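Shown next: work04.cif, containing mmCIF, C-alpha atoms.
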data_model
#
loop_
_atom_site.label_atom_id
_atom_site.label_comp_id
_atom_site.auth_asym_id
_atom_site.auth_seq_id
_atom_site.Cartn_x
_atom_site.Cartn_y
_atom_site.Cartn_z
CA MET A 10 -6.02 20.95 -24.11
CA ARG A 11 -7.30 18.14 -26.33
CA ALA A 12 -7.11 14.71 -24.74
CA GLU A 13 -6.29 12.02 -27.28
CA THR A 14 -8.10 8.72 -27.26
CA ALA A 15 -5.71 6.25 -25.65
CA ARG A 16 -4.35 3.45 -27.77
CA PRO A 17 -5.23 -0.03 -26.40
CA HIS A 18 -1.62 -0.67 -25.34
CA LEU A 19 -1.84 2.29 -22.95
CA SER A 20 -4.96 1.09 -21.17
CA ALA A 21 -5.17 0.78 -17.39
CA ALA A 22 -5.37 -3.01 -17.71
CA PHE A 23 -2.17 -3.06 -19.75
CA LEU A 24 -0.27 -0.92 -17.25
CA ALA A 25 -1.21 -3.24 -14.39
CA THR A 26 0.41 -6.25 -16.08
CA GLN A 27 3.81 -4.74 -16.87
CA ASP A 28 7.05 -5.77 -15.18
CA ASP A 29 8.23 -2.26 -16.08
CA PRO A 30 5.35 0.19 -16.60
CA TYR A 31 7.59 3.28 -16.65
CA PRO A 32 8.17 3.47 -20.44
CA ALA A 33 4.40 3.42 -20.92
CA TYR A 34 4.01 6.12 -18.25
CA ALA A 35 6.54 8.23 -20.16
CA ARG A 36 4.53 7.88 -23.38
CA LEU A 37 1.39 8.95 -21.54
CA ARG A 38 3.10 11.99 -20.00
CA GLU A 39 4.29 13.05 -23.47
CA ARG A 40 0.65 13.30 -24.53
CA GLY A 41 -0.21 15.56 -21.59
CA PRO A 42 -1.21 15.15 -17.93
CA LEU A 43 -4.67 13.71 -18.78
CA SER A 44 -5.53 10.91 -21.24
CA ARG A 45 -8.57 8.87 -22.16
CA ALA A 46 -8.42 5.12 -21.60
CA GLU A 47 -10.84 2.27 -22.19
CA LEU A 48 -14.44 2.17 -20.95
CA GLY A 49 -14.69 5.90 -20.32
CA GLN A 50 -11.81 5.92 -17.86
CA TRP A 51 -9.33 8.78 -17.51
CA LEU A 52 -5.62 8.38 -16.77
CA VAL A 53 -3.82 11.21 -14.96
CA THR A 54 -0.02 11.26 -15.14
CA GLY A 55 1.23 14.78 -14.39
CA HIS A 56 2.51 15.42 -10.87
CA SER A 57 0.70 18.74 -10.47
CA LEU A 58 -2.65 17.42 -11.69
CA VAL A 59 -2.44 14.19 -9.69
CA THR A 60 -1.65 16.24 -6.57
CA THR A 61 -4.63 18.50 -7.22
CA LEU A 62 -7.08 15.70 -7.90
CA LEU A 63 -6.01 13.70 -4.84
CA ARG A 64 -7.39 16.62 -2.83
CA ASP A 65 -10.47 17.32 -4.95
CA ASN A 66 -13.59 16.45 -2.96
CA ARG A 67 -15.59 16.14 -6.16
CA LEU A 68 -13.80 12.83 -6.69
CA GLU A 69 -14.50 10.02 -4.25
CA SER A 70 -12.76 6.71 -3.62
CA ARG A 71 -15.96 4.70 -3.25
CA MET A 72 -16.85 2.78 -6.39
CA PRO A 73 -20.51 2.75 -7.49
CA PRO A 74 -22.50 0.03 -5.68
CA GLU A 75 -23.36 -1.64 -8.97
CA TYR A 76 -19.66 -2.10 -9.77
CA THR A 77 -18.96 -3.63 -6.36
CA ARG A 78 -21.90 -6.00 -6.68
CA ILE A 79 -20.92 -7.04 -10.21
CA THR A 80 -17.38 -7.93 -9.14
CA LEU A 81 -18.09 -9.27 -5.64
CA GLY A 82 -21.76 -10.25 -5.67
CA ASP A 83 -23.94 -9.78 -2.60
CA GLY A 84 -21.75 -11.67 -0.15
CA PRO A 85 -19.54 -10.66 2.77
CA GLY A 86 -16.81 -9.26 0.51
CA ALA A 87 -19.03 -6.46 -0.78
CA ASP A 88 -20.23 -5.66 2.74
CA PHE A 89 -16.63 -5.49 3.91
CA LEU A 90 -15.72 -2.90 1.27
CA ASP A 91 -18.74 -0.83 2.29
CA ARG A 92 -17.52 -0.58 5.89
CA ILE A 93 -13.79 0.10 5.64
CA VAL A 94 -12.35 3.58 6.05
CA LEU A 95 -11.09 3.63 2.45
CA THR A 96 -14.63 3.87 1.07
CA ARG A 97 -16.32 5.93 3.77
CA THR A 98 -17.05 9.64 3.66
CA PRO A 99 -17.13 12.13 6.57
CA PRO A 100 -18.20 12.02 9.32
CA ASP A 101 -17.80 8.19 9.43
CA HIS A 102 -14.48 8.40 7.60
CA THR A 103 -13.20 10.99 10.08
CA ARG A 104 -14.04 8.83 13.11
CA LEU A 105 -12.57 5.66 11.65
CA ARG A 106 -9.44 7.37 10.37
CA ARG A 107 -8.82 9.02 13.72
CA PHE A 108 -9.08 5.66 15.46
CA ILE A 109 -6.83 3.77 13.03
CA GLY A 110 -4.44 6.72 12.91
CA ARG A 111 -3.87 6.32 16.64
CA ALA A 112 -2.83 2.72 16.00
CA LEU A 113 -0.46 3.37 13.10
CA GLY A 114 0.63 6.95 13.72
CA THR A 115 4.07 8.38 14.46
CA PRO A 116 3.89 8.19 18.30
CA VAL A 117 3.11 4.46 18.21
CA ALA A 118 5.74 3.88 15.53
CA ARG A 119 8.41 5.61 17.62
CA ARG A 120 7.44 3.59 20.68
CA LEU A 121 7.88 0.38 18.69
CA THR A 122 11.30 1.24 17.25
CA GLY A 123 13.25 -1.09 19.53
CA HIS A 124 10.73 -3.90 19.13
CA ILE A 125 10.77 -3.64 15.33
CA GLY A 126 14.57 -3.59 15.28
CA ALA A 127 14.72 -6.76 17.38
CA ALA A 128 12.13 -8.42 15.12
CA ALA A 129 14.13 -7.49 12.01
CA ASP A 130 17.30 -8.95 13.55
CA ALA A 131 15.45 -12.15 14.44
CA LEU A 132 14.40 -12.53 10.79
CA LEU A 133 17.76 -11.60 9.26
CA ASP A 134 20.03 -13.67 11.52
CA PRO A 135 18.84 -17.11 10.31
CA ALA A 136 19.07 -15.94 6.68
CA LEU A 137 22.66 -14.82 7.17
CA GLU A 138 23.52 -18.14 8.81
CA ARG A 139 22.14 -20.24 5.94
CA GLY A 140 23.39 -17.85 3.22
CA THR A 141 20.08 -17.17 1.46
CA LEU A 142 17.46 -14.48 1.99
CA ASP A 143 14.18 -14.16 0.16
CA VAL A 144 13.53 -10.49 0.75
CA VAL A 145 9.77 -11.02 0.52
CA THR A 146 8.98 -14.24 2.37
CA ASP A 147 11.81 -14.04 4.92
CA LEU A 148 11.64 -10.33 5.74
CA ALA A 149 9.27 -7.92 3.97
CA VAL A 150 6.11 -9.93 4.80
CA PRO A 151 6.73 -11.45 8.25
CA LEU A 152 8.08 -8.23 9.77
CA PRO A 153 5.02 -6.00 9.19
CA VAL A 154 2.58 -8.88 9.70
CA GLY A 155 4.11 -9.58 13.10
CA VAL A 156 3.90 -5.90 14.05
CA VAL A 157 0.24 -5.66 13.02
CA CYS A 158 -0.56 -8.85 14.97
CA ASP A 159 1.12 -7.32 18.01
CA LEU A 160 -0.91 -4.14 17.61
CA ILE A 161 -4.19 -6.02 17.39
CA GLY A 162 -3.25 -8.42 20.19
CA ILE A 163 -3.34 -11.70 18.26
CA PRO A 164 -1.58 -14.52 20.16
CA THR A 165 1.45 -16.04 18.44
CA SER A 166 -0.18 -19.49 18.28
CA ASP A 167 -3.14 -18.13 16.27
CA ARG A 168 -1.15 -16.11 13.74
CA PRO A 169 -0.60 -18.73 10.99
CA GLU A 170 -4.34 -19.39 10.67
CA VAL A 171 -5.23 -15.69 10.88
CA LEU A 172 -2.66 -14.81 8.23
CA THR A 173 -3.93 -17.51 5.87
CA ARG A 174 -7.44 -16.05 6.13
CA VAL A 175 -6.20 -12.47 5.78
CA ILE A 176 -4.27 -13.36 2.61
CA SER A 177 -7.48 -14.79 1.16
CA LEU A 178 -9.36 -11.63 2.13
CA ALA A 179 -6.71 -9.37 0.54
CA LYS A 180 -7.89 -10.55 -2.89
CA VAL A 181 -10.88 -8.23 -2.43
CA PHE A 182 -8.58 -5.28 -3.20
CA ASP A 183 -7.80 -6.62 -6.67
CA ALA A 184 -11.39 -6.98 -7.82
CA ALA A 185 -10.57 -6.56 -11.51
CA ASN A 186 -8.62 -9.83 -11.46
CA LEU A 187 -10.90 -11.95 -9.25
CA THR A 188 -11.64 -15.54 -10.20
CA PRO A 189 -14.63 -17.53 -8.86
CA SER A 190 -12.17 -19.37 -6.60
CA ASP A 191 -10.88 -16.05 -5.23
CA LEU A 192 -14.42 -14.89 -4.50
CA HIS A 193 -15.14 -18.13 -2.65
CA ASP A 194 -12.00 -17.66 -0.55
CA ILE A 195 -12.96 -14.07 0.32
CA ASN A 196 -16.48 -14.99 1.38
CA ALA A 197 -15.23 -17.95 3.43
CA ALA A 198 -12.47 -15.97 5.17
CA LEU A 199 -14.60 -13.05 6.33
CA PRO A 200 -17.08 -14.88 8.61
CA TRP A 201 -14.20 -16.78 10.24
CA LEU A 202 -12.22 -13.58 10.81
CA HIS A 203 -15.29 -11.77 12.15
CA ASP A 204 -15.92 -14.54 14.67
CA TYR A 205 -12.27 -14.68 15.70
CA LEU A 206 -11.72 -10.95 16.14
CA GLY A 207 -15.15 -10.53 17.76
CA GLU A 208 -14.16 -13.08 20.41
CA LEU A 209 -10.76 -11.41 20.82
CA LEU A 210 -12.49 -8.07 21.33
CA SER A 211 -14.85 -9.46 23.95
CA ALA A 212 -11.95 -11.06 25.82
CA ARG A 213 -10.28 -7.63 26.14
CA ARG A 214 -13.38 -5.86 27.46
CA ASP A 215 -11.89 -5.49 30.92
CA GLU A 216 -8.71 -3.88 29.54
CA PRO A 217 -9.78 -0.40 28.34
CA GLY A 218 -6.80 1.71 27.43
CA GLY A 219 -4.55 -1.34 27.23
CA PRO A 220 -1.65 -1.68 24.80
CA THR A 221 -3.62 -3.43 22.06
CA LEU A 222 -6.19 -2.06 19.64
CA ALA A 223 -8.87 -4.04 21.44
CA GLY A 224 -8.00 -2.10 24.58
CA MET A 225 -8.12 1.13 22.59
CA TYR A 226 -11.57 0.17 21.30
CA TRP A 227 -13.07 -0.16 24.77
CA GLU A 228 -11.43 3.10 25.85
CA GLU A 229 -12.78 4.86 22.77
CA SER A 230 -16.25 3.39 23.11
CA ALA A 231 -16.82 5.30 26.32
CA THR A 232 -17.16 8.52 24.33
CA ASP A 233 -17.46 7.64 20.64
CA ARG A 234 -18.61 4.07 20.11
CA LEU A 235 -17.68 2.26 16.94
CA ALA A 236 -19.92 -0.61 15.94
CA VAL A 237 -18.19 -3.95 16.45
CA ALA A 238 -18.58 -4.73 12.73
CA ASP A 239 -16.92 -1.41 11.86
CA PHE A 240 -14.07 -2.12 14.25
CA VAL A 241 -13.49 -5.68 13.04
CA ASP A 242 -13.57 -4.82 9.34
CA ASN A 243 -11.19 -1.92 9.81
CA MET A 244 -8.80 -4.04 11.86
CA LEU A 245 -8.77 -6.41 8.90
CA PHE A 246 -8.11 -3.45 6.61
CA LEU A 247 -5.27 -2.57 8.98
CA PHE A 248 -3.47 -5.73 7.83
CA HIS A 249 -3.70 -4.42 4.28
CA ALA A 250 -2.59 -0.89 5.17
CA GLY A 251 0.04 -2.10 7.61
CA PHE A 252 1.93 -4.63 5.54
CA GLU A 253 1.18 -4.17 1.84
CA THR A 254 3.02 -0.85 1.61
CA THR A 255 5.96 -2.09 3.69
CA MET A 256 6.25 -5.27 1.63
CA GLY A 257 6.35 -3.27 -1.60
CA LEU A 258 8.63 -0.56 -0.27
CA VAL A 259 11.24 -3.02 1.05
CA SER A 260 11.21 -5.42 -1.90
CA ASN A 261 11.14 -2.67 -4.55
CA GLY A 262 13.88 -0.77 -2.72
CA VAL A 263 16.19 -3.78 -2.49
CA ALA A 264 15.60 -4.54 -6.18
CA ALA A 265 16.42 -0.92 -7.05
CA LEU A 266 19.71 -1.10 -5.13
CA LEU A 267 20.63 -4.36 -6.86
CA ALA A 268 20.08 -2.66 -10.22
CA HIS A 269 22.10 0.40 -9.10
CA PRO A 270 25.15 -0.91 -7.17
CA ASP A 271 26.69 2.57 -7.15
CA GLN A 272 23.79 3.76 -4.98
CA LEU A 273 24.21 0.81 -2.62
CA ARG A 274 27.89 1.68 -2.27
CA ARG A 275 26.88 5.27 -1.56
CA LEU A 276 24.61 4.13 1.29
CA ARG A 277 27.30 1.85 2.70
CA ALA A 278 29.68 4.81 2.75
CA ASP A 279 27.07 7.07 4.38
CA PRO A 280 24.39 5.05 6.29
CA GLY A 281 22.90 8.31 7.54
CA LEU A 282 21.33 8.67 4.09
CA VAL A 283 19.01 5.69 4.66
CA PRO A 284 15.90 7.76 5.63
CA VAL A 285 16.43 9.92 2.54
CA ALA A 286 16.92 6.80 0.42
CA VAL A 287 13.61 5.35 1.64
CA GLU A 288 11.84 8.43 0.29
CA GLU A 289 13.60 7.90 -3.03
CA PHE A 290 12.51 4.25 -3.15
CA LEU A 291 8.94 5.51 -2.66
CA ARG A 292 9.37 7.82 -5.62
CA TYR A 293 11.41 5.63 -7.94
CA ASP A 294 9.26 2.48 -7.71
CA ALA A 295 6.25 3.19 -5.51
CA PRO A 296 4.43 0.28 -3.83
CA ILE A 297 1.13 2.08 -4.56
CA GLN A 298 1.15 2.70 -8.31
CA ASN A 299 -2.29 4.20 -8.69
CA VAL A 300 -5.48 5.12 -6.88
CA ILE A 301 -8.91 5.18 -8.42
CA ARG A 302 -11.47 7.92 -7.99
CA VAL A 303 -15.03 8.39 -9.23
CA ALA A 304 -16.41 11.80 -10.25
CA ARG A 305 -19.43 12.65 -8.07
CA GLU A 306 -20.29 15.50 -10.44
CA HIS A 307 -19.01 16.95 -13.69
CA VAL A 308 -15.40 18.05 -13.18
CA GLU A 309 -13.50 20.25 -15.64
CA VAL A 310 -9.72 19.92 -15.59
CA GLU A 311 -7.16 20.98 -18.17
CA GLY A 312 -10.00 22.20 -20.39
CA VAL A 313 -11.63 18.75 -20.45
CA LYS A 314 -14.93 17.79 -18.84
CA ILE A 315 -14.88 14.57 -16.83
CA ARG A 316 -18.50 13.54 -16.58
CA ALA A 317 -20.16 12.46 -13.35
CA GLY A 318 -19.78 8.74 -12.77
CA ARG A 319 -16.55 8.42 -14.78
CA THR A 320 -13.57 6.76 -13.15
CA VAL A 321 -10.27 8.59 -12.87
CA LEU A 322 -7.06 6.63 -12.37
CA LEU A 323 -4.43 8.78 -10.67
CA LEU A 324 -1.11 7.24 -11.72
CA LEU A 325 1.18 7.90 -8.77
CA GLY A 326 3.97 5.92 -10.41
CA ALA A 327 3.84 8.18 -13.47
CA ALA A 328 3.63 11.40 -11.44
CA ASN A 329 6.71 10.35 -9.48
CA ARG A 330 8.78 10.36 -12.69
CA ASP A 331 7.53 13.75 -13.93
CA ALA A 332 10.64 15.58 -15.20
CA SER A 333 9.03 18.97 -14.58
CA VAL A 334 9.26 18.23 -10.83
CA PHE A 335 12.15 15.78 -10.46
CA ALA A 336 15.55 16.45 -12.02
CA ASP A 337 16.84 13.41 -13.91
CA ALA A 338 13.59 11.70 -12.92
CA GLU A 339 14.41 8.28 -14.39
CA ARG A 340 17.55 7.97 -12.23
CA LEU A 341 17.69 6.48 -8.74
CA ASP A 342 19.31 9.03 -6.41
CA VAL A 343 19.43 7.91 -2.76
CA GLY A 344 20.38 11.44 -1.71
CA ARG A 345 17.55 13.20 -3.59
CA ASP A 346 16.36 16.25 -1.68
CA PRO A 347 13.82 17.76 -1.93
CA ASN A 348 11.64 14.85 -2.95
CA PRO A 349 7.91 15.73 -3.15
CA HIS A 350 6.91 12.23 -4.26
CA LEU A 351 3.36 10.89 -4.13
CA GLY A 352 4.34 7.39 -3.07
CA PHE A 353 1.68 7.26 -0.36
CA GLY A 354 -1.02 9.13 -2.27
CA GLY A 355 -2.50 12.24 -0.70
CA GLY A 356 -5.66 14.02 0.32
CA LEU A 357 -8.45 12.59 2.46
CA HIS A 358 -7.51 8.97 1.73
CA HIS A 359 -3.70 9.08 1.89
CA CYS A 360 -2.16 5.81 3.03
CA LEU A 361 -2.87 5.02 6.68
CA GLY A 362 0.30 2.98 7.06
CA THR A 363 2.70 5.81 6.18
CA ALA A 364 4.49 6.29 9.52
CA MET A 365 4.78 2.57 10.23
CA ALA A 366 5.92 1.70 6.70
CA ARG A 367 8.58 4.41 6.81
CA LEU A 368 9.88 3.29 10.19
CA MET A 369 10.02 -0.41 9.35
CA SER A 370 11.69 0.30 6.01
CA VAL A 371 14.34 2.57 7.54
CA ILE A 372 15.11 -0.11 10.14
CA VAL A 373 15.38 -2.83 7.48
CA PHE A 374 17.60 -0.82 5.14
CA GLU A 375 19.88 0.31 7.97
CA ARG A 376 20.51 -3.35 8.73
CA ILE A 377 20.97 -4.33 5.10
CA VAL A 378 23.43 -1.48 4.53
CA ARG A 379 25.47 -2.21 7.67
CA SER A 380 25.18 -5.96 8.12
CA VAL A 381 24.29 -7.81 4.90
CA GLU A 382 26.67 -8.53 2.03
CA ILE A 383 24.62 -9.33 -1.08
CA LEU A 384 26.48 -11.81 -3.27
CA GLY A 385 23.92 -12.10 -6.05
CA PRO A 386 20.55 -13.66 -6.89
CA ALA A 387 19.70 -17.08 -5.45
CA GLY A 388 16.97 -17.65 -8.02
CA PRO A 389 14.59 -15.74 -10.28
CA ALA A 390 12.85 -12.64 -8.99
CA VAL A 391 9.07 -12.89 -9.44
CA ARG A 392 7.01 -9.73 -9.76
CA ARG A 393 3.58 -9.66 -8.17
CA ARG A 394 0.57 -9.08 -10.45
CA HIS A 395 -1.88 -6.56 -9.03
CA ALA A 396 -4.04 -3.80 -10.44
CA SER A 397 -2.67 -1.06 -8.19
CA LEU A 398 0.14 -2.40 -5.97
CA ARG A 399 3.71 -3.04 -7.09
CA SER A 400 5.99 -5.45 -5.26
CA TYR A 401 7.47 -8.93 -5.55
CA ASP A 402 6.28 -12.41 -4.70
CA GLN A 403 9.88 -13.67 -4.60
CA LEU A 404 13.24 -11.90 -4.43
CA PRO A 405 15.82 -14.56 -3.41
CA LEU A 406 19.41 -13.49 -2.70
CA LEU A 407 22.70 -15.07 -1.74
CA VAL A 408 23.93 -13.27 1.36
CA ARG A 409 26.55 -13.34 4.09
CA PRO A 410 27.31 -11.16 7.13
CA ARG A 411 29.33 -8.02 6.44
#

As structure tokens, how would this structure be written, given the file I've shared?
Amino acid sequence: MRAETARPHLSAAFLATQDDPYPAYARLRERGPLSRAELGQWLVTGHSLVTTLLRDNRLESRMPPEYTRITLGDGPGADFLDRIVLTRTPPDHTRLRRFIGRALGTPVARRLTGHIGAAADALLDPALERGTLDVVTDLAVPLPVGVVCDLIGIPTSDRPEVLTRVISLAKVFDAANLTPSDLHDINAALPWLHDYLGELLSARRDEPGGPTLAGMYWEESATDRLAVADFVDNMLFLFHAGFETTMGLVSNGVAALLAHPDQLRRLRADPGLVPVAVEEFLRYDAPIQNVIRVAREHVEVEGVKIRAGRTVLLLLGAANRDASVFADAERLDVGRDPNPHLGFGGGLHHCLGTAMARLMSVIVFERIVRSVEILGPAGPAVRRRHASLRSYDQLPLLVRPR
């Protein structure tokens, strides 16, 4: 095929700023599954090709060191990105992913079902009493943050300060939009968090095999020691993996139901569809809109050579609306089955928070469907601006108990 040179209005930077990127995705798909963008970047939109390239080991998720240093300098932020599982390759990636997978995997998620349900009720009950619920600040953020804090073993009294620092650190994952103030916040947060979690780890040394990740660390270290710096940085990444996807999945899903009241009525009539609906929310408006890869060598796809060193943006949000895979792809269908969406990515670096995000979202939507009457907006909805993640900063609703 011949890849056209992308017009400026279909650049990666443009897509990241749109309240509704899906019309632009549709225009890209019409031109084929692979398109050129600005600065030698490639955009991939077709479901089949995105699926293939997610699993292609010739593409890696680690950005070139010079790019990291240009955007983050030589401070703690750049060192942090060098150590997290997202940018590591086997065998280090395998060890780290196995460890974090134990913390966020399906067995742990199932064990926490009752705890998460009680936490969701504790957040929803005050909102129903006062008659207003901001889906983001009252529910979609504090629920997963609380669960991650429980997993790590952070005392309740310390959580506000830890969360403030973690929010500052999270800016490192939106490097394209960093300001000097953001960079200062990142490099100030990391040493504090390292000291705090290092002390927390030491305090749990006599609890190997305990219920927290610190206990898991000392159990694991008997046979396969992780450096303390590796452990601490990947526990910080756990906040990102553990709550960013849940925040986007819940807020985007609620917004989708508000825009499609017939589908909300369908769920109210058949609450057993909620797990299926969660998969459709992941497809229809995915919290992870794209993942970036770098070609380690020349890669030929669709008759086009992607040169070594070029960046490839795999547009999960576009692939999830590919009409060759999904019937009536632009329509929300809470009963859609099968649903081979790419909402959590795929391949070596698929989202670590998948099981936990699914569980928390199912629990939240079961409660919304059964217990919450949504009367309308309580104020303007505010979309979050991020290069790769899609969610809301505010989604205020008027509510009452059903």

Would you be able to write out as a ChimeraX atom specification which residues have an atom within 12 Å of (-8.6, -14.7, -4.0) in the file's coordinates, counting all atoms listed in the file? /A:81,86,173-198,395

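A straight line drawn from CA of Trp51 in chain A to CA of Phe290 in chain A is 26.5 Å long.
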
Would you write out, as an mmCIF file with C-alpha atoms, in the coordinates of the input, every residue that the PyMOL selection byres ((chain A and resi 291) around 12) captures in this file?
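Written output follows (result_28.cif):
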data_model
loop_
_atom_site.group_PDB
_atom_site.id
_atom_site.type_symbol
_atom_site.label_atom_id
_atom_site.label_comp_id
_atom_site.auth_asym_id
_atom_site.auth_seq_id
_atom_site.Cartn_x
_atom_site.Cartn_y
_atom_site.Cartn_z
ATOM 1 C CA THR A 254 3.020 -0.850 1.610
ATOM 2 C CA THR A 255 5.960 -2.090 3.690
ATOM 3 C CA MET A 256 6.250 -5.270 1.630
ATOM 4 C CA GLY A 257 6.350 -3.270 -1.600
ATOM 5 C CA LEU A 258 8.630 -0.560 -0.270
ATOM 6 C CA VAL A 259 11.240 -3.020 1.050
ATOM 7 C CA SER A 260 11.210 -5.420 -1.900
ATOM 8 C CA ASN A 261 11.140 -2.670 -4.550
ATOM 9 C CA GLY A 262 13.880 -0.770 -2.720
ATOM 10 C CA VAL A 263 16.190 -3.780 -2.490
ATOM 11 C CA ALA A 265 16.420 -0.920 -7.050
ATOM 12 C CA PRO A 284 15.900 7.760 5.630
ATOM 13 C CA VAL A 285 16.430 9.920 2.540
ATOM 14 C CA ALA A 286 16.920 6.800 0.420
ATOM 15 C CA VAL A 287 13.610 5.350 1.640
ATOM 16 C CA GLU A 288 11.840 8.430 0.290
ATOM 17 C CA GLU A 289 13.600 7.900 -3.030
ATOM 18 C CA PHE A 290 12.510 4.250 -3.150
ATOM 19 C CA ARG A 292 9.370 7.820 -5.620
ATOM 20 C CA TYR A 293 11.410 5.630 -7.940
ATOM 21 C CA ASP A 294 9.260 2.480 -7.710
ATOM 22 C CA ALA A 295 6.250 3.190 -5.510
ATOM 23 C CA PRO A 296 4.430 0.280 -3.830
ATOM 24 C CA ILE A 297 1.130 2.080 -4.560
ATOM 25 C CA GLN A 298 1.150 2.700 -8.310
ATOM 26 C CA LEU A 325 1.180 7.900 -8.770
ATOM 27 C CA GLY A 326 3.970 5.920 -10.410
ATOM 28 C CA ALA A 328 3.630 11.400 -11.440
ATOM 29 C CA ASN A 329 6.710 10.350 -9.480
ATOM 30 C CA ARG A 330 8.780 10.360 -12.690
ATOM 31 C CA LEU A 341 17.690 6.480 -8.740
ATOM 32 C CA ASP A 342 19.310 9.030 -6.410
ATOM 33 C CA VAL A 343 19.430 7.910 -2.760
ATOM 34 C CA ARG A 345 17.550 13.200 -3.590
ATOM 35 C CA ASN A 348 11.640 14.850 -2.950
ATOM 36 C CA PRO A 349 7.910 15.730 -3.150
ATOM 37 C CA HIS A 350 6.910 12.230 -4.260
ATOM 38 C CA LEU A 351 3.360 10.890 -4.130
ATOM 39 C CA GLY A 352 4.340 7.390 -3.070
ATOM 40 C CA PHE A 353 1.680 7.260 -0.360
ATOM 41 C CA GLY A 354 -1.020 9.130 -2.270
ATOM 42 C CA THR A 363 2.700 5.810 6.180
ATOM 43 C CA ALA A 366 5.920 1.700 6.700
ATOM 44 C CA ARG A 367 8.580 4.410 6.810
ATOM 45 C CA SER A 370 11.690 0.300 6.010
ATOM 46 C CA VAL A 371 14.340 2.570 7.540
ATOM 47 C CA ARG A 399 3.710 -3.040 -7.090
ATOM 48 C CA SER A 400 5.990 -5.450 -5.260
#

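Proximity of A:Leu160, A:Leu133, A:Ile79, A:Leu63 to Thr146 in chain A, computed with all atoms listed in the file, is greatest for A:Leu133.
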
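Among the candidates A:Met365, A:Ala317, A:Val381, A:Leu43, the residue lying nearest to Val408 in chain A is A:Val381 (atoms considered: all atoms listed in the file).
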
Discussion item. As a check of understanding, name the residues that the PyMOL selection byres ((chain A and resi 308) around 12) selects in the supplied structure, as JSON, numbers by chain.
Written reply: {"A": [51, 62, 65, 66, 67, 68, 303, 304, 305, 306, 307, 309, 310, 311, 312, 313, 314, 315, 316, 317, 318, 319, 320, 321]}

What lies within 9 Å of range 243-247 of chain A using only C-alpha atoms, ignoring chain neighbours under 4 positions off, as a ChimeraX atom specification? /A:89,92-95,105,109,113,157,161,175,178-179,202,206,222,238-239,251-252,361-362
